[in-house]
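Student: Input file: my_file37.cif. Contents: mmCIF, C-alpha atoms and all ligand atoms.
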```cif
data_run
loop_
_atom_site.label_atom_id
_atom_site.label_comp_id
_atom_site.auth_asym_id
_atom_site.auth_seq_id
_atom_site.Cartn_x
_atom_site.Cartn_y
_atom_site.Cartn_z
CA MET F 1 21.18 43.09 7.09
CA MET F 2 24.60 42.92 8.66
CA LYS F 3 27.15 40.23 7.78
CA ILE F 4 29.93 39.25 10.15
CA THR F 5 32.87 37.13 8.98
CA PHE F 6 35.50 35.75 11.31
CA LEU F 7 38.85 36.63 9.76
CA GLY F 8 40.72 34.92 12.58
CA THR F 9 39.82 33.12 15.82
CA GLY F 10 43.22 32.25 17.31
CA THR F 11 45.16 33.53 20.27
CA SER F 12 48.36 35.55 19.97
CA GLN F 13 50.57 32.87 18.41
CA GLY F 14 47.81 31.50 16.19
CA VAL F 15 47.08 27.78 15.76
CA PRO F 16 49.11 25.76 14.86
CA ILE F 17 51.99 27.07 16.92
CA ILE F 18 55.43 26.98 15.33
CA GLY F 19 57.15 23.75 16.35
CA CYS F 20 54.23 22.33 18.34
CA GLU F 21 53.42 18.64 17.84
CA CYS F 22 50.18 18.51 19.86
CA GLU F 23 47.09 16.91 18.30
CA VAL F 24 45.43 20.28 17.72
CA CYS F 25 48.46 21.74 15.97
CA ARG F 26 48.74 18.56 13.83
CA SER F 27 44.99 18.40 13.11
CA ILE F 28 43.92 18.39 9.47
CA ASP F 29 40.49 19.87 10.35
CA PHE F 30 40.43 23.36 8.77
CA ARG F 31 38.61 24.62 11.86
CA ASP F 32 41.73 23.89 13.94
CA LYS F 33 43.74 26.39 11.87
CA ARG F 34 43.28 29.73 13.55
CA LEU F 35 44.78 33.01 12.41
CA ARG F 36 44.97 35.91 14.84
CA SER F 37 41.54 37.19 16.01
CA SER F 38 39.71 39.73 13.86
CA ILE F 39 36.27 40.15 12.28
CA HIS F 40 34.92 41.80 9.16
CA ILE F 41 31.54 43.55 9.31
CA GLU F 42 29.45 44.45 6.29
CA THR F 43 26.84 46.89 7.56
CA ASN F 44 23.28 47.56 6.41
CA ASP F 45 24.52 50.50 4.34
CA GLN F 46 27.36 48.45 2.77
CA LYS F 47 30.17 49.87 4.83
CA SER F 48 33.12 47.53 5.25
CA LEU F 49 34.51 47.54 8.79
CA ILE F 50 37.26 45.43 10.33
CA ILE F 51 37.85 44.99 14.05
CA ASP F 52 41.62 44.60 14.73
CA SER F 53 44.45 44.08 12.27
CA GLY F 54 46.73 41.36 13.58
CA PRO F 55 49.83 39.92 11.89
CA ASP F 56 47.64 37.86 9.51
CA PHE F 57 45.67 40.88 8.22
CA ARG F 58 46.93 40.69 4.62
CA GLN F 59 46.23 36.97 4.28
CA GLN F 60 42.78 37.40 5.87
CA VAL F 61 41.57 40.23 3.62
CA LEU F 62 42.85 38.39 0.53
CA ARG F 63 41.08 35.19 1.58
CA GLU F 64 37.76 36.99 2.10
CA ARG F 65 38.26 39.22 -0.97
CA ILE F 66 37.70 42.40 1.01
CA THR F 67 38.22 45.33 -1.35
CA LYS F 68 37.33 48.32 0.76
CA LEU F 69 37.87 49.48 4.29
CA ASP F 70 35.61 52.20 5.65
CA GLY F 71 36.83 51.82 9.21
CA LEU F 72 39.49 49.87 11.09
CA ILE F 73 38.42 49.59 14.71
CA PHE F 74 40.80 48.52 17.46
CA THR F 75 40.04 46.69 20.67
CA HIS F 76 43.46 47.28 22.25
CA GLN F 77 47.11 47.82 21.49
CA HIS F 78 48.55 44.28 21.72
CA LYS F 79 50.54 43.22 18.67
CA ASP F 80 48.26 40.32 17.79
CA HIS F 81 45.59 43.00 17.19
CA THR F 82 47.65 45.76 15.55
CA ALA F 83 50.63 44.31 13.67
CA GLY F 84 48.79 44.22 10.34
CA MET F 85 48.66 48.01 10.09
CA ASP F 86 51.59 47.94 7.64
CA ASP F 87 49.23 46.35 5.12
CA ILE F 88 46.42 48.92 5.15
CA ARG F 89 48.38 50.44 2.24
CA GLY F 90 46.39 48.43 -0.30
CA PHE F 91 43.14 49.93 0.93
CA TYR F 92 44.70 53.39 0.86
CA PHE F 93 45.42 53.00 -2.87
CA LEU F 94 41.96 51.52 -3.54
CA ASN F 95 40.48 54.53 -1.73
CA ASP F 96 42.18 57.03 -4.08
CA MET F 97 44.71 57.88 -1.39
CA LYS F 98 42.07 59.20 0.96
CA PRO F 99 42.93 58.70 4.65
CA ILE F 100 42.00 55.38 6.26
CA ASN F 101 39.69 55.88 9.25
CA LEU F 102 41.03 54.34 12.45
CA TYR F 103 38.96 54.01 15.62
CA GLY F 104 40.59 53.31 18.97
CA THR F 105 41.36 54.59 22.43
CA GLU F 106 44.08 57.10 23.19
CA GLY F 107 46.19 54.20 24.47
CA VAL F 108 45.87 52.39 21.15
CA PHE F 109 46.80 55.51 19.18
CA ASN F 110 49.84 56.23 21.36
CA GLN F 111 51.10 52.74 20.64
CA LEU F 112 50.36 52.97 16.89
CA LYS F 113 52.27 56.27 16.71
CA GLN F 114 55.32 54.55 18.18
CA GLU F 115 55.18 51.30 16.28
CA PHE F 116 54.11 52.73 12.91
CA SER F 117 55.86 56.08 13.29
CA TYR F 118 56.49 56.30 9.52
CA MET F 119 52.72 56.89 9.02
CA PHE F 120 52.65 59.78 11.45
CA VAL F 121 55.70 61.87 10.40
CA GLU F 122 55.26 65.21 8.60
CA ASP F 123 57.19 64.34 5.46
CA LYS F 124 56.02 60.84 4.60
CA TYR F 125 57.73 58.58 2.10
CA PRO F 126 55.63 58.41 -1.12
CA GLY F 127 52.94 55.71 -0.87
CA VAL F 128 52.81 55.66 2.91
CA PRO F 129 49.11 55.66 3.88
CA SER F 130 47.42 58.58 5.59
CA VAL F 131 45.20 57.79 8.52
CA GLU F 132 42.48 59.73 10.29
CA LEU F 133 42.18 59.03 14.00
CA HIS F 134 38.77 58.82 15.69
CA GLU F 135 39.14 58.44 19.43
CA VAL F 136 36.92 55.88 21.15
CA ARG F 137 35.87 56.63 24.72
CA LYS F 138 34.14 54.43 27.24
CA ASN F 139 30.37 55.06 27.33
CA GLU F 140 30.39 57.25 24.18
CA THR F 141 28.69 55.76 21.16
CA PHE F 142 29.90 56.72 17.70
CA THR F 143 28.64 56.21 14.17
CA ILE F 144 30.17 55.02 10.94
CA GLY F 145 27.74 55.67 8.10
CA ASP F 146 24.33 54.56 9.40
CA THR F 147 25.81 52.21 12.00
CA THR F 148 26.04 53.08 15.68
CA LEU F 149 28.80 51.41 17.68
CA SER F 150 28.67 51.27 21.42
CA PRO F 151 32.03 50.66 23.16
CA VAL F 152 32.00 48.20 26.06
CA GLU F 153 35.05 48.43 28.31
CA VAL F 154 36.39 45.13 29.61
CA TRP F 155 39.48 44.17 31.58
CA HIS F 156 42.42 42.21 30.15
CA ARG F 157 44.35 41.83 33.40
CA LYS F 158 45.14 45.52 34.04
CA LEU F 159 44.62 46.75 30.51
CA ALA F 160 41.29 48.28 29.48
CA VAL F 161 40.09 46.73 26.22
CA MET F 162 37.15 47.91 24.14
CA GLY F 163 34.48 45.52 23.02
CA TYR F 164 31.84 46.81 20.64
CA ARG F 165 28.09 46.42 20.44
CA ILE F 166 26.30 47.05 17.13
CA ASN F 167 22.52 46.63 17.35
CA ASN F 168 22.01 43.15 18.82
CA PHE F 169 25.53 41.95 18.08
CA ALA F 170 28.54 42.32 20.38
CA TYR F 171 32.22 41.45 19.97
CA ILE F 172 34.34 41.04 23.10
CA THR F 173 37.90 39.76 22.90
CA ASP F 174 40.88 39.65 25.26
CA ALA F 175 38.85 39.96 28.45
CA ASN F 176 39.08 38.23 31.79
CA LYS F 177 36.65 40.50 33.64
CA ILE F 178 33.60 42.57 32.75
CA GLU F 179 32.28 44.97 35.34
CA GLU F 180 28.61 45.22 36.16
CA ASP F 181 27.93 48.58 34.45
CA GLN F 182 29.40 47.24 31.20
CA MET F 183 27.55 43.92 31.54
CA GLN F 184 24.39 46.04 31.41
CA LYS F 185 25.29 47.07 27.86
CA LEU F 186 25.32 43.41 26.80
CA GLN F 187 21.72 42.56 27.58
CA ASN F 188 19.28 41.22 24.97
CA LEU F 189 21.83 40.20 22.37
CA ASP F 190 21.09 38.01 19.38
CA VAL F 191 24.78 37.21 19.00
CA LEU F 192 27.62 37.59 21.49
CA VAL F 193 31.21 36.84 20.49
CA LEU F 194 33.39 36.27 23.54
CA ASN F 195 36.97 35.15 24.09
CA ALA F 196 37.72 31.73 25.62
CA LEU F 197 41.39 30.80 25.64
CA GLN F 198 41.80 27.38 27.22
CA HIS F 199 40.70 25.28 30.20
CA LYS F 200 43.47 26.22 32.63
CA PRO F 201 43.18 29.57 34.47
CA HIS F 202 44.96 32.45 32.77
CA GLN F 203 45.88 35.91 34.07
CA SER F 204 44.34 37.91 31.23
CA HIS F 205 41.84 35.74 29.34
CA PHE F 206 38.61 33.97 30.20
CA THR F 207 38.87 30.21 30.40
CA LEU F 208 36.16 28.18 28.67
CA ALA F 209 34.29 27.74 31.98
CA GLU F 210 34.50 31.47 32.77
CA ALA F 211 33.26 32.41 29.30
CA LEU F 212 30.33 30.00 29.67
CA ASP F 213 29.50 31.60 33.04
CA VAL F 214 29.34 35.06 31.43
CA ILE F 215 27.15 33.66 28.65
CA LYS F 216 24.84 32.10 31.23
CA ILE F 217 24.37 35.49 32.88
CA LEU F 218 23.91 37.48 29.66
CA LYS F 219 21.72 34.90 27.89
CA PRO F 220 22.37 35.93 24.27
CA LYS F 221 20.35 33.94 21.74
CA LYS F 222 23.64 32.64 20.37
CA ALA F 223 27.27 32.92 21.49
CA TYR F 224 30.47 32.23 19.57
CA LEU F 225 33.82 31.75 21.27
CA THR F 226 37.03 33.18 19.81
CA HIS F 227 40.72 33.97 20.60
CA ILE F 228 41.28 30.26 21.07
CA SER F 229 44.51 28.51 22.05
CA HIS F 230 45.71 25.07 20.91
CA ARG F 231 45.26 24.09 24.56
CA LEU F 232 41.46 24.32 24.30
CA GLY F 233 41.40 21.05 22.34
CA LEU F 234 40.19 19.85 18.95
CA HIS F 235 37.38 21.97 17.49
CA SER F 236 35.18 18.94 16.84
CA GLU F 237 35.60 17.62 20.40
CA VAL F 238 35.11 20.93 22.22
CA GLU F 239 32.08 21.78 20.08
CA LYS F 240 30.30 18.62 21.30
CA SER F 241 30.79 19.65 24.93
CA LEU F 242 29.16 23.10 24.62
CA PRO F 243 25.64 24.20 25.55
CA GLU F 244 23.17 24.35 22.67
CA ASN F 245 23.35 28.13 22.18
CA VAL F 246 27.18 28.23 22.18
CA SER F 247 29.62 27.36 19.37
CA LEU F 248 33.30 27.78 18.76
CA ALA F 249 33.92 30.27 15.99
CA TYR F 250 36.32 29.26 13.23
CA ASP F 251 38.18 31.16 10.54
CA GLY F 252 35.93 31.96 7.59
CA LEU F 253 32.66 31.47 9.50
CA SER F 254 30.05 34.03 8.40
CA ILE F 255 26.85 34.98 10.18
CA THR F 256 24.14 37.36 9.04
CA LEU F 257 21.83 39.28 11.32
ZN ZN V 301 44.89 39.00 21.73
ZN ZN V 302 49.92 22.71 19.81
ZN ZN V 303 45.62 41.21 24.27
#
```
Represent the supplied structure as structure tokens.
Ligand SMILES: [Zn+2]
Ligand SMILES: [Zn+2]
Ligand SMILES: [Zn+2]
Tutor:
Amino acid sequence: MMKITFLGTGTSQGVPIIGCECEVCRSIDFRDKRLRSSIHIETNDQKSLIIDSGPDFRQQVLRERITKLDGLIFTHQHKDHTAGMDDIRGFYFLNDMKPINLYGTEGVFNQLKQEFSYMFVEDKYPGVPSVELHEVRKNETFTIGDTTLSPVEVWHRKLAVMGYRINNFAYITDANKIEEDQMQKLQNLDVLVLNALQHKPHQSHFTLAEALDVIKILKPKKAYLTHISHRLGLHSEVEKSLPENVSLAYDGLSITL
């Protein structure tokens, strides 16, 4: 059995947005409070994996009481998916100062080396975590413990982003286009997680209508939408408007498959 928990389901600024007075940002529904997008995966063989470490990483792992990290897997190098790297230190200590395994593309690693340069220098300050880099390449599956991950390359305007398929589950964020050969990898899913930002067209994210079109083509048994902006509307209202096999994800939602 695999357990997926949504650590965050918000777009880059999170919801609420600082200073915004809209009804979504003022909502008292806990499902309208969205930290930056990330998921936790507990695999069949009890490995603890996290996809993306945004600026809310520390708060998210404390909330879900995550006490080990066997792999931190990146979708792409944007800050709302990487900024939490400073806080992998806790897992490094819990892991007896063994390196933390990072999985990402060359582009992600180049960015991490710049932005977290203190982790990559020869003579590190005491307590700075060690990391081991595992490069992810399009169309090359890789394994963590007993789990096979299949990268699915999607487009985020002009940036290639990796989605991941594990068995009959797939997680795709920050996409506005998926090419046909990669769509093939997303057939016969039990659960698809897909990004849907807002209603208005956007240069690098699927709108709600575009996400629903992709879901219609792929026909997963169930789809959850994530990376949501305050502009999408109130969770309770949007949820009512969705097809039966589609739901908005929310922070803290867990699914087992
Ligand atoms: Zn993002
Ligand atoms: Zn707002
Ligand atoms: Zn992005």
Student: Let me make sure I understand: among F:Phe74, F:Phe57, F:Phe120, F:Phe91, which one has the smallest atom-to-atom distance to ligand ZN 303 (chain V) if we use all atoms listed in the file?
Tutor: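 Selected residue with least distance to ligand ZN 303 (chain V): F:Phe74.
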Student: Enumerate residues in contact with ligand ZN 301 (chain V): an atom-to-atom distance of at most 8 Å, counting only C-alpha atoms and all ligand atoms. Format the result as a ChimeraX atom specification.
Tutor: /F:11-12,36-37,78-81,173-174,227
Student: Interatomic distance between CA of Leu186 (chain F) and CA of Val214 (chain F)?
Tutor: 10.4 Å
Student: My list of candidates is F:Gly71, F:Gly163, F:Gly233, F:Gly127. Which is closest to Leu197 (chain F) when distances are computed with all atoms listed in the file?
Tutor: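 Closest residue, counting all atoms listed in the file: F:Gly233.
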Student: Give as number ranges by chain the residues surrounding ligand ZN 302 (chain V) up to a distance of 9 Å, considering only C-alpha atoms and all ligand atoms.
Tutor: F: 15-26, 229-231
Student: Rounded to one decimal place, report the CA of Asp181 (chain F)-CA of Asn139 (chain F) distance in Å.
Tutor: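 Separating CA of Asp181 (chain F) from CA of Asn139 (chain F) is a distance of 9.9 Å.
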Student: Report the distance between CA of Gly252 (chain F) and CA of Phe6 (chain F) in Å, rounded to one decimal place.
Tutor: 5.3 Å
Student: Hey, which of F:Gly54, F:Gly104, F:Gly8, F:Gly145 ends up closest to ligand ZN 303 (chain V)? Count all atoms listed in the file.
Tutor: F:Gly54
Student: Measuring atom to atom with only C-alpha atoms, identify which of F:Gly90, F:Gln59, F:Asn101, F:Thr82 is nearest to Phe116 (chain F).
Tutor: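 Of F:Gly90, F:Gln59, F:Asn101, F:Thr82, the one nearest Phe116 (chain F) is F:Thr82, counting only C-alpha atoms.
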Student: Do a neighbour search on region 200-208 of chain F at 10 Å with all atoms listed in the file, toss out local chain neighbours closer than 2 positions, and write the hits as a PDB file with C-alpha atoms, in the coordinates of the input.
Tutor:
```
ATOM      1  CA  THR F  11      45.160  33.530  20.270  1.00  0.00           C
ATOM      2  CA  TRP F 155      39.480  44.170  31.580  1.00  0.00           C
ATOM      3  CA  HIS F 156      42.420  42.210  30.150  1.00  0.00           C
ATOM      4  CA  ARG F 157      44.350  41.830  33.400  1.00  0.00           C
ATOM      5  CA  LYS F 158      45.140  45.520  34.040  1.00  0.00           C
ATOM      6  CA  LEU F 159      44.620  46.750  30.510  1.00  0.00           C
ATOM      7  CA  THR F 173      37.900  39.760  22.900  1.00  0.00           C
ATOM      8  CA  ASP F 174      40.880  39.650  25.260  1.00  0.00           C
ATOM      9  CA  ALA F 175      38.850  39.960  28.450  1.00  0.00           C
ATOM     10  CA  ASN F 176      39.080  38.230  31.790  1.00  0.00           C
ATOM     11  CA  LYS F 177      36.650  40.500  33.640  1.00  0.00           C
ATOM     12  CA  LEU F 194      33.390  36.270  23.540  1.00  0.00           C
ATOM     13  CA  ASN F 195      36.970  35.150  24.090  1.00  0.00           C
ATOM     14  CA  ALA F 196      37.720  31.730  25.620  1.00  0.00           C
ATOM     15  CA  LEU F 197      41.390  30.800  25.640  1.00  0.00           C
ATOM     16  CA  GLN F 198      41.800  27.380  27.220  1.00  0.00           C
ATOM     17  CA  GLU F 210      34.500  31.470  32.770  1.00  0.00           C
ATOM     18  CA  ALA F 211      33.260  32.410  29.300  1.00  0.00           C
ATOM     19  CA  LEU F 212      30.330  30.000  29.670  1.00  0.00           C
ATOM     20  CA  ASP F 213      29.500  31.600  33.040  1.00  0.00           C
ATOM     21  CA  VAL F 214      29.340  35.060  31.430  1.00  0.00           C
ATOM     22  CA  LEU F 225      33.820  31.750  21.270  1.00  0.00           C
ATOM     23  CA  HIS F 227      40.720  33.970  20.600  1.00  0.00           C
ATOM     24  CA  ILE F 228      41.280  30.260  21.070  1.00  0.00           C
ATOM     25  CA  ARG F 231      45.260  24.090  24.560  1.00  0.00           C
ATOM     26  CA  LEU F 232      41.460  24.320  24.300  1.00  0.00           C
ATOM     27  CA  VAL F 238      35.110  20.930  22.220  1.00  0.00           C
ATOM     28  CA  LEU F 242      29.160  23.100  24.620  1.00  0.00           C
TER      29      LEU F 242
END
```
Student: When distances are computed from all atoms listed in the file, which of F:Phe142, F:Tyr118, F:Phe109, F:Phe169 shows the smallest separation from Lys222 (chain F)?
Tutor: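 The closest residue to Lys222 (chain F) is F:Phe169.
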Student: Write a file for region 102-197 of chain F, containing C-alpha atoms (output as an mmCIF file, in the first residue's frame).
Tutor:
```
data_model
loop_
_atom_site.group_PDB
_atom_site.id
_atom_site.type_symbol
_atom_site.label_atom_id
_atom_site.label_comp_id
_atom_site.auth_asym_id
_atom_site.auth_seq_id
_atom_site.Cartn_x
_atom_site.Cartn_y
_atom_site.Cartn_z
ATOM 1 C CA LEU F 102 18.173 14.260 -3.986
ATOM 2 C CA TYR F 103 16.589 13.382 -7.329
ATOM 3 C CA GLY F 104 16.307 15.957 -10.097
ATOM 4 C CA THR F 105 17.379 17.005 -13.555
ATOM 5 C CA GLU F 106 20.724 18.571 -14.335
ATOM 6 C CA GLY F 107 18.938 21.926 -14.560
ATOM 7 C CA VAL F 108 17.577 21.528 -11.036
ATOM 8 C CA PHE F 109 20.987 20.574 -9.650
ATOM 9 C CA ASN F 110 22.725 23.508 -11.355
ATOM 10 C CA GLN F 111 20.265 25.842 -9.677
ATOM 11 C CA LEU F 112 20.579 24.141 -6.258
ATOM 12 C CA LYS F 113 24.376 24.436 -6.457
ATOM 13 C CA GLN F 114 24.027 28.186 -6.948
ATOM 14 C CA GLU F 115 21.306 28.890 -4.441
ATOM 15 C CA PHE F 116 22.485 26.505 -1.715
ATOM 16 C CA SER F 117 26.201 26.788 -2.483
ATOM 17 C CA TYR F 118 27.110 26.283 1.197
ATOM 18 C CA MET F 119 26.022 22.612 0.870
ATOM 19 C CA PHE F 120 28.280 21.995 -2.099
ATOM 20 C CA VAL F 121 31.612 23.558 -0.993
ATOM 21 C CA GLU F 122 34.596 21.368 -0.067
ATOM 22 C CA ASP F 123 35.042 22.608 3.483
ATOM 23 C CA LYS F 124 31.515 22.775 4.851
ATOM 24 C CA TYR F 125 30.556 24.542 8.045
ATOM 25 C CA PRO F 126 29.843 21.949 10.793
ATOM 26 C CA GLY F 127 26.231 20.743 10.656
ATOM 27 C CA VAL F 128 25.686 21.612 7.015
ATOM 28 C CA PRO F 129 23.928 18.618 5.411
ATOM 29 C CA SER F 130 25.575 16.386 2.838
ATOM 30 C CA VAL F 131 23.549 15.508 -0.206
ATOM 31 C CA GLU F 132 23.866 12.795 -2.813
ATOM 32 C CA LEU F 133 22.670 13.764 -6.278
ATOM 33 C CA HIS F 134 20.774 11.295 -8.470
ATOM 34 C CA GLU F 135 20.166 12.733 -11.907
ATOM 35 C CA VAL F 136 16.706 12.255 -13.411
ATOM 36 C CA ARG F 137 16.491 11.947 -17.181
ATOM 37 C CA LYS F 138 13.477 11.965 -19.441
ATOM 38 C CA ASN F 139 12.356 8.424 -20.348
ATOM 39 C CA GLU F 140 14.676 6.744 -17.795
ATOM 40 C CA THR F 141 12.949 5.086 -14.882
ATOM 41 C CA PHE F 142 14.742 4.874 -11.552
ATOM 42 C CA THR F 143 14.144 3.067 -8.281
ATOM 43 C CA ILE F 144 14.140 4.063 -4.643
ATOM 44 C CA GLY F 145 13.975 0.932 -2.505
ATOM 45 C CA ASP F 146 11.319 -1.278 -4.122
ATOM 46 C CA THR F 147 9.585 1.643 -5.843
ATOM 47 C CA THR F 148 10.029 2.432 -9.519
ATOM 48 C CA LEU F 149 9.535 6.042 -10.580
ATOM 49 C CA SER F 150 8.922 6.944 -14.163
ATOM 50 C CA PRO F 151 9.665 10.584 -15.098
ATOM 51 C CA VAL F 152 7.128 12.305 -17.345
ATOM 52 C CA GLU F 153 8.418 15.460 -19.003
ATOM 53 C CA VAL F 154 5.927 18.306 -19.303
ATOM 54 C CA TRP F 155 6.225 21.914 -20.423
ATOM 55 C CA HIS F 156 5.952 24.919 -18.100
ATOM 56 C CA ARG F 157 6.086 27.601 -20.780
ATOM 57 C CA LYS F 158 9.646 26.962 -22.057
ATOM 58 C CA LEU F 159 10.915 25.104 -19.021
ATOM 59 C CA ALA F 160 10.918 21.307 -18.972
ATOM 60 C CA VAL F 161 9.392 20.034 -15.726
ATOM 61 C CA MET F 162 9.381 16.447 -14.512
ATOM 62 C CA GLY F 163 6.204 14.780 -13.408
ATOM 63 C CA TYR F 164 6.457 11.327 -11.876
ATOM 64 C CA ARG F 165 4.468 8.151 -12.278
ATOM 65 C CA ILE F 166 4.619 5.468 -9.569
ATOM 66 C CA ASN F 167 2.546 2.383 -10.367
ATOM 67 C CA ASN F 168 -0.942 3.718 -11.119
ATOM 68 C CA PHE F 169 -0.368 7.102 -9.509
ATOM 69 C CA ALA F 170 1.037 10.186 -11.256
ATOM 70 C CA TYR F 171 1.937 13.660 -10.011
ATOM 71 C CA ILE F 172 2.153 16.494 -12.543
ATOM 72 C CA THR F 173 2.615 20.081 -11.431
ATOM 73 C CA ASP F 174 3.560 23.346 -13.132
ATOM 74 C CA ALA F 175 2.562 22.256 -16.623
ATOM 75 C CA ASN F 176 0.740 24.018 -19.409
ATOM 76 C CA LYS F 177 1.469 21.440 -22.118
ATOM 77 C CA ILE F 178 2.050 17.695 -22.260
ATOM 78 C CA GLU F 179 3.303 16.225 -25.509
ATOM 79 C CA GLU F 180 1.794 13.117 -27.008
ATOM 80 C CA ASP F 181 4.680 10.725 -26.215
ATOM 81 C CA GLN F 182 4.524 11.728 -22.547
ATOM 82 C CA MET F 183 0.713 11.527 -22.491
ATOM 83 C CA GLN F 184 1.212 7.861 -23.392
ATOM 84 C CA LYS F 185 2.934 7.327 -20.048
ATOM 85 C CA LEU F 186 -0.170 8.564 -18.231
ATOM 86 C CA GLN F 187 -2.619 5.944 -19.453
ATOM 87 C CA ASN F 188 -4.587 3.672 -17.096
ATOM 88 C CA LEU F 189 -4.058 5.656 -13.919
ATOM 89 C CA ASP F 190 -5.985 5.130 -10.716
ATOM 90 C CA VAL F 191 -5.019 8.594 -9.508
ATOM 91 C CA LEU F 192 -3.709 11.577 -11.462
ATOM 92 C CA VAL F 193 -2.671 14.769 -9.693
ATOM 93 C CA LEU F 194 -2.563 17.701 -12.104
ATOM 94 C CA ASN F 195 -2.035 21.440 -11.743
ATOM 95 C CA ALA F 196 -4.921 23.870 -12.336
ATOM 96 C CA LEU F 197 -4.126 27.473 -11.493
#
```
